[in-house]
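The next block is run18.txt, given as compact mmCIF, C-alpha atoms and all ligand atoms.
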```
# COMPACT_ATOMS: atom_id res chain seq x y z
CA GLU A 910 0.00 0.00 0.00
CA ALA A 911 1.09 3.56 -0.64
CA PRO A 912 2.07 5.39 2.55
CA ASP A 913 -0.78 7.89 2.23
CA GLN A 914 -3.30 5.02 2.18
CA VAL A 915 -1.72 3.51 5.24
CA SER A 916 -1.86 6.79 7.13
CA ALA A 917 -5.48 7.27 6.04
CA GLN A 918 -6.48 4.06 7.81
CA ARG A 919 -8.08 4.65 11.15
CA ALA A 920 -8.39 2.46 14.20
CA ASN A 921 -11.92 1.28 14.85
CA PRO A 922 -13.66 3.56 17.33
CA VAL A 923 -13.80 2.39 20.91
CA VAL A 924 -17.32 1.19 21.71
CA VAL A 925 -18.76 2.41 25.02
CA ALA A 926 -21.88 0.81 26.54
CA HIS A 927 -24.17 3.74 27.40
CA ARG A 928 -25.58 3.44 30.95
CA GLY A 929 -24.31 -0.14 30.56
CA ALA A 930 -25.67 -2.12 27.63
CA SER A 931 -28.94 -0.29 28.23
CA GLY A 932 -30.63 -1.58 25.09
CA TYR A 933 -30.65 -5.02 26.70
CA ALA A 934 -30.91 -4.48 30.45
CA PRO A 935 -32.16 -1.70 32.76
CA GLU A 936 -29.82 1.28 32.48
CA ASN A 937 -27.23 1.94 35.16
CA THR A 938 -27.78 -1.38 36.95
CA LEU A 939 -25.31 -4.18 37.55
CA ALA A 940 -27.35 -6.21 35.05
CA ALA A 941 -26.54 -3.61 32.39
CA VAL A 942 -22.83 -3.82 33.23
CA ASP A 943 -22.97 -7.60 32.98
CA ALA A 944 -24.87 -7.38 29.69
CA ALA A 945 -22.02 -5.27 28.28
CA ASP A 946 -19.51 -7.77 29.62
CA ALA A 947 -21.40 -10.66 28.04
CA LEU A 948 -21.06 -8.88 24.69
CA GLY A 949 -17.32 -8.47 25.25
CA ILE A 950 -17.57 -4.70 25.77
CA ASP A 951 -15.15 -3.33 28.30
CA TRP A 952 -15.96 0.40 28.36
CA VAL A 953 -19.12 1.32 30.29
CA GLU A 954 -20.64 4.81 30.67
CA ASN A 955 -22.71 5.61 33.75
CA ASP A 956 -24.21 8.53 35.65
CA VAL A 957 -23.69 9.37 39.30
CA HIS A 958 -25.84 11.23 41.88
CA ARG A 959 -25.75 11.62 45.67
CA SER A 960 -28.24 10.49 48.30
CA ARG A 961 -29.52 12.65 51.17
CA ASP A 962 -26.98 11.07 53.49
CA GLY A 963 -24.07 11.52 51.11
CA VAL A 964 -23.82 8.13 49.39
CA LEU A 965 -22.99 8.17 45.69
CA VAL A 966 -25.45 6.19 43.59
CA VAL A 967 -25.64 5.23 39.95
CA LEU A 968 -28.66 6.27 37.89
CA HIS A 969 -29.46 8.78 35.17
CA ASP A 970 -32.36 11.03 36.15
CA THR A 971 -32.33 13.49 39.05
CA ASP A 972 -35.65 11.95 40.15
CA LEU A 973 -36.64 8.35 40.69
CA LYS A 974 -39.92 8.19 38.83
CA ARG A 975 -39.02 6.84 35.41
CA THR A 976 -36.75 3.95 36.39
CA THR A 977 -37.99 2.78 39.79
CA ASP A 978 -41.17 1.89 41.69
CA VAL A 979 -40.74 4.90 44.01
CA GLU A 980 -44.33 6.10 43.51
CA GLU A 981 -45.62 2.85 45.03
CA VAL A 982 -43.00 2.49 47.75
CA PHE A 983 -42.91 6.14 48.88
CA PRO A 984 -46.23 7.61 47.63
CA GLY A 985 -46.06 10.78 49.72
CA ARG A 986 -42.58 11.83 48.69
CA ALA A 987 -43.16 13.63 45.36
CA PRO A 988 -41.24 14.88 43.38
CA TRP A 989 -39.00 11.94 44.29
CA ALA A 990 -35.65 13.68 43.83
CA VAL A 991 -32.71 11.35 44.42
CA LYS A 992 -31.12 13.91 46.74
CA ASP A 993 -34.11 13.69 49.14
CA PHE A 994 -33.76 9.94 49.80
CA THR A 995 -31.28 8.17 52.04
CA ALA A 996 -29.16 5.35 50.68
CA ALA A 997 -31.18 2.87 52.76
CA GLU A 998 -34.40 4.14 51.17
CA LEU A 999 -32.93 4.02 47.68
CA ALA A 1000 -31.85 0.42 48.29
CA LYS A 1001 -35.52 -0.57 48.75
CA LEU A 1002 -36.47 0.47 45.23
CA ASP A 1003 -36.87 -1.82 42.26
CA ALA A 1004 -34.88 -0.38 39.35
CA GLY A 1005 -35.41 -3.27 36.96
CA SER A 1006 -39.06 -4.16 36.47
CA TRP A 1007 -39.84 -1.01 34.42
CA PHE A 1008 -37.54 -2.45 31.76
CA GLY A 1009 -38.73 -6.05 31.86
CA GLU A 1010 -40.22 -8.52 34.31
CA GLN A 1011 -37.09 -10.67 34.25
CA PHE A 1012 -35.16 -7.78 35.81
CA THR A 1013 -37.46 -7.43 38.82
CA GLY A 1014 -35.39 -6.87 41.93
CA ALA A 1015 -32.51 -5.05 40.22
CA ARG A 1016 -31.35 -2.22 42.51
CA ILE A 1017 -29.89 1.24 42.14
CA PRO A 1018 -26.23 0.44 42.72
CA THR A 1019 -24.05 2.56 44.92
CA LEU A 1020 -20.97 3.80 43.11
CA THR A 1021 -18.93 1.48 45.30
CA GLN A 1022 -20.98 -1.57 44.27
CA PHE A 1023 -20.76 -0.46 40.67
CA LEU A 1024 -16.97 -0.14 40.81
CA HIS A 1025 -16.64 -3.58 42.37
CA ARG A 1026 -18.67 -5.14 39.59
CA LEU A 1027 -16.62 -3.39 36.91
CA GLU A 1028 -13.50 -4.58 38.66
CA ARG A 1029 -14.74 -8.16 38.76
CA ASN A 1030 -15.50 -7.98 35.04
CA ARG A 1031 -12.21 -6.16 34.29
CA GLN A 1032 -14.19 -3.36 32.66
CA LYS A 1033 -13.45 0.36 32.26
CA LEU A 1034 -15.46 3.36 33.37
CA LEU A 1035 -16.58 6.56 31.66
CA LEU A 1036 -18.21 8.22 34.68
CA GLU A 1037 -20.60 11.13 34.16
CA ILE A 1038 -21.14 13.62 36.97
CA LYS A 1039 -24.83 14.36 36.49
CA SER A 1040 -26.27 17.71 37.51
CA PRO A 1041 -23.20 18.82 39.50
CA ALA A 1042 -24.88 22.03 40.70
CA THR A 1043 -27.37 19.87 42.64
CA TYR A 1044 -24.58 18.19 44.59
CA PRO A 1045 -21.98 20.70 45.82
CA GLY A 1046 -18.66 18.99 46.47
CA ILE A 1047 -19.61 15.81 44.59
CA GLU A 1048 -16.28 15.81 42.72
CA ARG A 1049 -14.39 15.37 45.98
CA ASP A 1050 -16.82 12.64 47.09
CA ILE A 1051 -16.34 10.80 43.80
CA ILE A 1052 -12.58 10.95 44.07
CA ARG A 1053 -12.73 9.67 47.64
CA THR A 1054 -14.97 6.76 46.62
CA LEU A 1055 -12.78 5.91 43.64
CA GLY A 1056 -9.72 5.92 45.89
CA ARG A 1057 -11.31 3.66 48.51
CA SER A 1058 -12.29 1.19 45.80
CA GLY A 1059 -8.78 1.03 44.37
CA TRP A 1060 -9.66 2.98 41.23
CA LEU A 1061 -7.04 5.68 41.62
CA ASP A 1062 -3.98 3.50 41.42
CA ARG A 1063 -1.69 4.07 38.51
CA SER A 1064 -3.07 1.43 36.16
CA HIS A 1065 -6.73 2.36 36.69
CA VAL A 1066 -6.01 6.03 36.16
CA ARG A 1067 -3.90 5.38 33.09
CA ASP A 1068 -6.10 2.82 31.32
CA ARG A 1069 -9.52 2.41 32.87
CA LEU A 1070 -11.06 5.67 34.04
CA VAL A 1071 -12.47 8.85 32.49
CA ILE A 1072 -14.64 11.38 34.33
CA GLN A 1073 -16.92 13.59 32.25
CA SER A 1074 -19.68 16.16 32.74
CA PHE A 1075 -21.85 18.69 30.93
CA GLY A 1076 -20.69 21.06 33.66
CA ALA A 1077 -17.37 22.63 32.62
CA ASP A 1078 -16.74 23.81 36.18
CA SER A 1079 -17.20 20.28 37.47
CA VAL A 1080 -14.69 18.93 34.92
CA LYS A 1081 -12.27 21.70 35.92
CA THR A 1082 -12.71 20.80 39.58
CA VAL A 1083 -11.88 17.15 38.92
CA HIS A 1084 -8.82 18.19 36.93
CA THR A 1085 -7.69 20.51 39.72
CA LEU A 1086 -8.23 17.97 42.51
CA ARG A 1087 -6.61 15.09 40.65
CA PRO A 1088 -4.69 16.29 37.59
CA ASP A 1089 -3.75 12.72 36.70
CA ILE A 1090 -7.36 11.69 35.95
CA THR A 1091 -8.47 11.74 32.30
CA THR A 1092 -11.41 14.12 31.89
CA GLY A 1093 -14.12 14.72 29.30
CA PHE A 1094 -16.40 17.66 28.58
CA LEU A 1095 -19.86 16.75 27.33
CA GLY A 1096 -20.98 19.16 24.64
CA THR A 1097 -19.92 20.84 21.42
CA PRO A 1098 -17.98 24.01 22.21
CA ALA A 1099 -17.43 26.45 19.35
CA VAL A 1100 -14.17 25.75 17.53
CA ALA A 1101 -12.79 29.12 18.64
CA ASP A 1102 -13.37 28.16 22.28
CA LEU A 1103 -11.76 24.73 22.08
CA PRO A 1104 -8.27 25.86 23.19
CA SER A 1105 -9.66 27.07 26.52
CA TYR A 1106 -11.27 23.64 27.10
CA ALA A 1107 -8.00 21.92 26.22
CA ALA A 1108 -6.53 23.41 29.39
CA PHE A 1109 -8.57 21.06 31.59
CA THR A 1110 -10.16 18.32 29.48
CA ASP A 1111 -8.70 15.42 27.52
CA GLN A 1112 -11.88 14.68 25.62
CA ILE A 1113 -14.68 16.62 23.96
CA ASN A 1114 -17.71 14.33 23.90
CA PRO A 1115 -20.47 15.79 21.70
CA SER A 1116 -23.92 14.68 20.66
CA TYR A 1117 -23.78 12.86 17.32
CA ALA A 1118 -26.37 15.25 15.90
CA THR A 1119 -23.98 18.20 16.31
CA ILE A 1120 -20.84 16.95 14.57
CA GLY A 1121 -19.15 16.29 11.24
CA SER A 1122 -15.63 15.49 10.06
CA ASP A 1123 -14.49 19.13 10.27
CA TYR A 1124 -15.49 19.50 13.89
CA VAL A 1125 -13.89 16.20 14.88
CA ALA A 1126 -10.67 17.22 13.13
CA ALA A 1127 -10.70 20.64 14.81
CA VAL A 1128 -10.89 18.98 18.23
CA GLN A 1129 -8.25 16.40 17.42
CA ARG A 1130 -5.75 19.05 16.29
CA LEU A 1131 -5.46 20.26 19.89
CA LYS A 1132 -3.52 18.79 22.76
CA GLY A 1133 -5.08 18.33 26.17
CA PRO A 1134 -3.64 18.84 29.66
CA HIS A 1135 -1.68 15.59 29.45
CA GLY A 1136 0.03 16.54 26.19
CA LYS A 1137 -1.94 14.08 24.08
CA ARG A 1138 -4.33 15.07 21.30
CA LEU A 1139 -7.89 15.63 22.39
CA ARG A 1140 -10.19 12.71 21.77
CA VAL A 1141 -13.83 12.70 20.66
CA ASN A 1142 -16.46 10.25 21.93
CA THR A 1143 -19.90 10.84 20.45
CA TRP A 1144 -23.33 9.84 21.80
CA THR A 1145 -25.84 8.26 21.64
CA VAL A 1146 -25.44 6.32 18.41
CA ASN A 1147 -27.74 3.31 18.21
CA LYS A 1148 -28.13 2.63 14.47
CA ALA A 1149 -25.51 0.83 12.39
CA ALA A 1150 -25.67 3.43 9.60
CA ASP A 1151 -25.03 6.28 12.04
CA ALA A 1152 -22.17 4.36 13.63
CA VAL A 1153 -20.53 4.02 10.22
CA LYS A 1154 -20.94 7.78 9.65
CA ALA A 1155 -19.48 8.56 13.07
CA ARG A 1156 -16.53 6.31 12.34
CA ASP A 1157 -16.03 8.05 9.01
CA TYR A 1158 -16.08 11.43 10.78
CA GLY A 1159 -13.02 10.08 12.60
CA VAL A 1160 -14.35 9.89 16.15
CA ASP A 1161 -12.30 8.02 18.74
CA GLY A 1162 -15.25 6.45 20.49
CA ILE A 1163 -18.98 5.79 20.11
CA ILE A 1164 -21.31 5.70 23.10
CA THR A 1165 -24.29 3.43 22.43
CA ASN A 1166 -27.13 1.49 24.02
CA PHE A 1167 -26.45 -1.35 21.54
CA PRO A 1168 -22.69 -1.90 21.66
CA ASP A 1169 -22.78 -5.11 19.64
CA VAL A 1170 -24.58 -3.36 16.76
CA VAL A 1171 -22.04 -0.53 16.74
CA ARG A 1172 -19.07 -2.86 17.03
CA ASP A 1173 -20.31 -5.05 14.18
CA ALA A 1174 -20.98 -2.02 11.98
CA THR A 1175 -17.63 -0.34 12.57
CA SER A 1176 -15.12 -3.18 12.73
O1 LIG A 1201 -22.12 9.91 27.74
C1 LIG A 1201 -22.92 10.81 27.06
C2 LIG A 1201 -24.36 10.75 27.37
O2 LIG A 1201 -24.62 9.82 28.37
C3 LIG A 1201 -24.89 12.08 27.76
O3 LIG A 1201 -26.28 12.13 27.82
O4 LIG A 1201 -28.42 12.15 28.98
O5 LIG A 1201 -27.47 10.01 28.27
O6 LIG A 1201 -26.45 11.23 30.17
P1 LIG A 1201 -27.18 11.34 28.86
CA CA A 1202 -24.67 9.89 30.70
```
If you took the structure in this file and wrote it as structure tokens, what would it be?
Amino acid sequence: EAPDQVSAQRANPVVVAHRGASGYAPENTLAAVDAADALGIDWVENDVHRSRDGVLVVLHDTDLKRTTDVEEVFPGRAPWAVKDFTAAELAKLDAGSWFGEQFTGARIPTLTQFLHRLERNRQKLLLEIKSPATYPGIERDIIRTLGRSGWLDRSHVRDRLVIQSFGADSVKTVHTLRPDITTGFLGTPAVADLPSYAAFTDQINPSYATIGSDYVAAVQRLKGPHGKRLRVNTWTVNKAADAVKARDYGVDGIITNFPDVVRDATS
């Protein structure tokens, strides 16, 4: 092959199971992590919140209505915000049956439980700090929990952990507290603003609907705080045809509810 053809070849994008393999199991549960593992997918994205008594828990929404039976278990507690429930109360909720009867009894995992399961499966974590303004100081709590679970040793930090958020200040805080951790900003900053993001984030992770090859290339031209080129992981890409387009845009990773579909389409 001519050298220009060789250099034009790209690695297949990394496939990330969104909220676990959430097309096949209830999102952000241990079952969704295991479903990703069963498909041979090692990167898992999840979302973290904090209970009333300060325990970090894994789920997507800031309230419990959509993915649990909270209305039946705690009928008088509307609007059922996660932050208003203790960890013991959250542990009583069923977070599986909304998705399918066979998942009845699945729980909202604590971040600690979640990390242990990922560790058992030898998986990797793209952790999203959800709604950081709702949980002042959550970055420090997350770092403490990661440390206690063994996720801040050199090999985890180097190969198995990324922390991302839609909140730029939250990403900056993580970078300031632990400059060794790989960070991601969720969104599509204007190209002119990208250099200021590159001071504190290693990844720009935009919605698929907002990007094309030019944007991906503009991000990848910059170097992040660790001296490596910025990476792009796009979400949430569930159709094979879109996954092929994302790959052709040159993204580094694709975040998807159906990781097997995306892997098969892009490899
Ligand atoms: O990882 C990106 C993606 O998860 C962001 O959107 O709403 O699914 O958390 P959302
Ligand atoms: Ca997310």
Problem - Selection: 6 Å around region 1131-1137 of chain A, only C-alpha atoms, excl. self and same-chain fewer than 2 positions, as an NGL selection string - result: :A and (1107-1109 or 1111 or 1128-1129 or 1139)
Exercise for the section: Counting all atoms listed in the file, figure out which residue out of A:Pro1168, A:Tyr1117, A:Arg1057, A:Arg1049 gets nearest to Gln1022 (chain A). Expected result: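 Result for the nearest residue to Gln1022 (chain A): A:Arg1057.
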Closest-contact table, chain A side, partner ligand CA 1202 (chain A), 8 Å, counting all atoms listed in the file, as CSV:
```
residue,atom,partner,partner_atom,distance
A:His927,CA,A:CA1202,CA,7.0
A:Arg928,CA,A:CA1202,CA,6.5
A:Glu954,CA,A:CA1202,CA,6.5
A:Asn955,CA,A:CA1202,CA,5.6
A:Asp956,CA,A:CA1202,CA,5.2
A:His969,CA,A:CA1202,CA,6.6
A:Leu1036,CA,A:CA1202,CA,7.8
A:Glu1037,CA,A:CA1202,CA,5.5
A:Lys1039,CA,A:CA1202,CA,7.3
```
With C-alpha atoms retained, write the just-selected residues as a compact mmCIF listing (two decimals), in the frame of the given file.
```txt
# COMPACT_ATOMS: atom_id res chain seq x y z
CA HIS A 927 -24.17 3.74 27.40
CA ARG A 928 -25.58 3.44 30.95
CA GLU A 954 -20.64 4.81 30.67
CA ASN A 955 -22.71 5.61 33.75
CA ASP A 956 -24.21 8.53 35.65
CA HIS A 969 -29.46 8.78 35.17
CA LEU A 1036 -18.21 8.22 34.68
CA GLU A 1037 -20.60 11.13 34.16
CA LYS A 1039 -24.83 14.36 36.49
```
Around all listed atoms of ligand LIG 1201 (chain A), padded 5 Å per side, what centre and edge lengths does the axis-aligned box have in Å to one decimal, as JSON?
```
{"center_x": -25.3, "center_y": 11.0, "center_z": 28.6, "size_x": 16.3, "size_y": 12.3, "size_z": 13.1}
```
Practice task
Select, from A:Val964, A:Ala1174, A:Val979, A:Ile1164, the residue with the minimum atom-to-atom distance to ligand LIG 1201 (chain A), counting all atoms listed in the file.
Solution key: A:Ile1164
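Atom O6 of ligand LIG 1201 (chain A) is found 12.8 Å from CA of Val1146 (chain A).
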Problem - Length of the CA of Phe1094 (chain A) to CA of Ala996 (chain A) vector [Å] - result: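 We find that CA of Phe1094 (chain A) and CA of Ala996 (chain A) lie 28.3 Å from each other.
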Exercise for the section: Find the spatial neighbours of Ser1122 (chain A), counting all atoms listed in the file, within a cut-off of 7 Å - ignore same-chain residues fewer than 4 positions away - and output them as a PyMOL selection string. Expected result: chain A and resi 1126+1158-1159
Pro1115 (chain A) environment, 8 Å, only C-alpha atoms, sequence neighbours closer than 2 positions dropped, as a compact mmCIF listing (two decimals) with C-alpha atoms, in the frame of the given file:
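Saved result, out-v1.txt, follows:
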```
# COMPACT_ATOMS: atom_id res chain seq x y z
CA LEU A 1095 -19.86 16.75 27.33
CA GLY A 1096 -20.98 19.16 24.64
CA THR A 1097 -19.92 20.84 21.42
CA ILE A 1113 -14.68 16.62 23.96
CA TYR A 1117 -23.78 12.86 17.32
CA THR A 1119 -23.98 18.20 16.31
CA ILE A 1120 -20.84 16.95 14.57
CA VAL A 1141 -13.83 12.70 20.66
CA ASN A 1142 -16.46 10.25 21.93
CA THR A 1143 -19.90 10.84 20.45
CA TRP A 1144 -23.33 9.84 21.80
```
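Here CA of Ile1072 (chain A) is placed at a distance of 13.8 Å from CA of Val967 (chain A).
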Problem - Nearest residue to ligand LIG 1201 (chain A) from the set A:Asn1030, A:Asn1147, A:Thr1013, A:Asn1114 (distances using only C-alpha atoms and all ligand atoms) - result: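 Comparing A:Asn1030, A:Asn1147, A:Thr1013, A:Asn1114 against ligand LIG 1201 (chain A), the winner is A:Asn1114.
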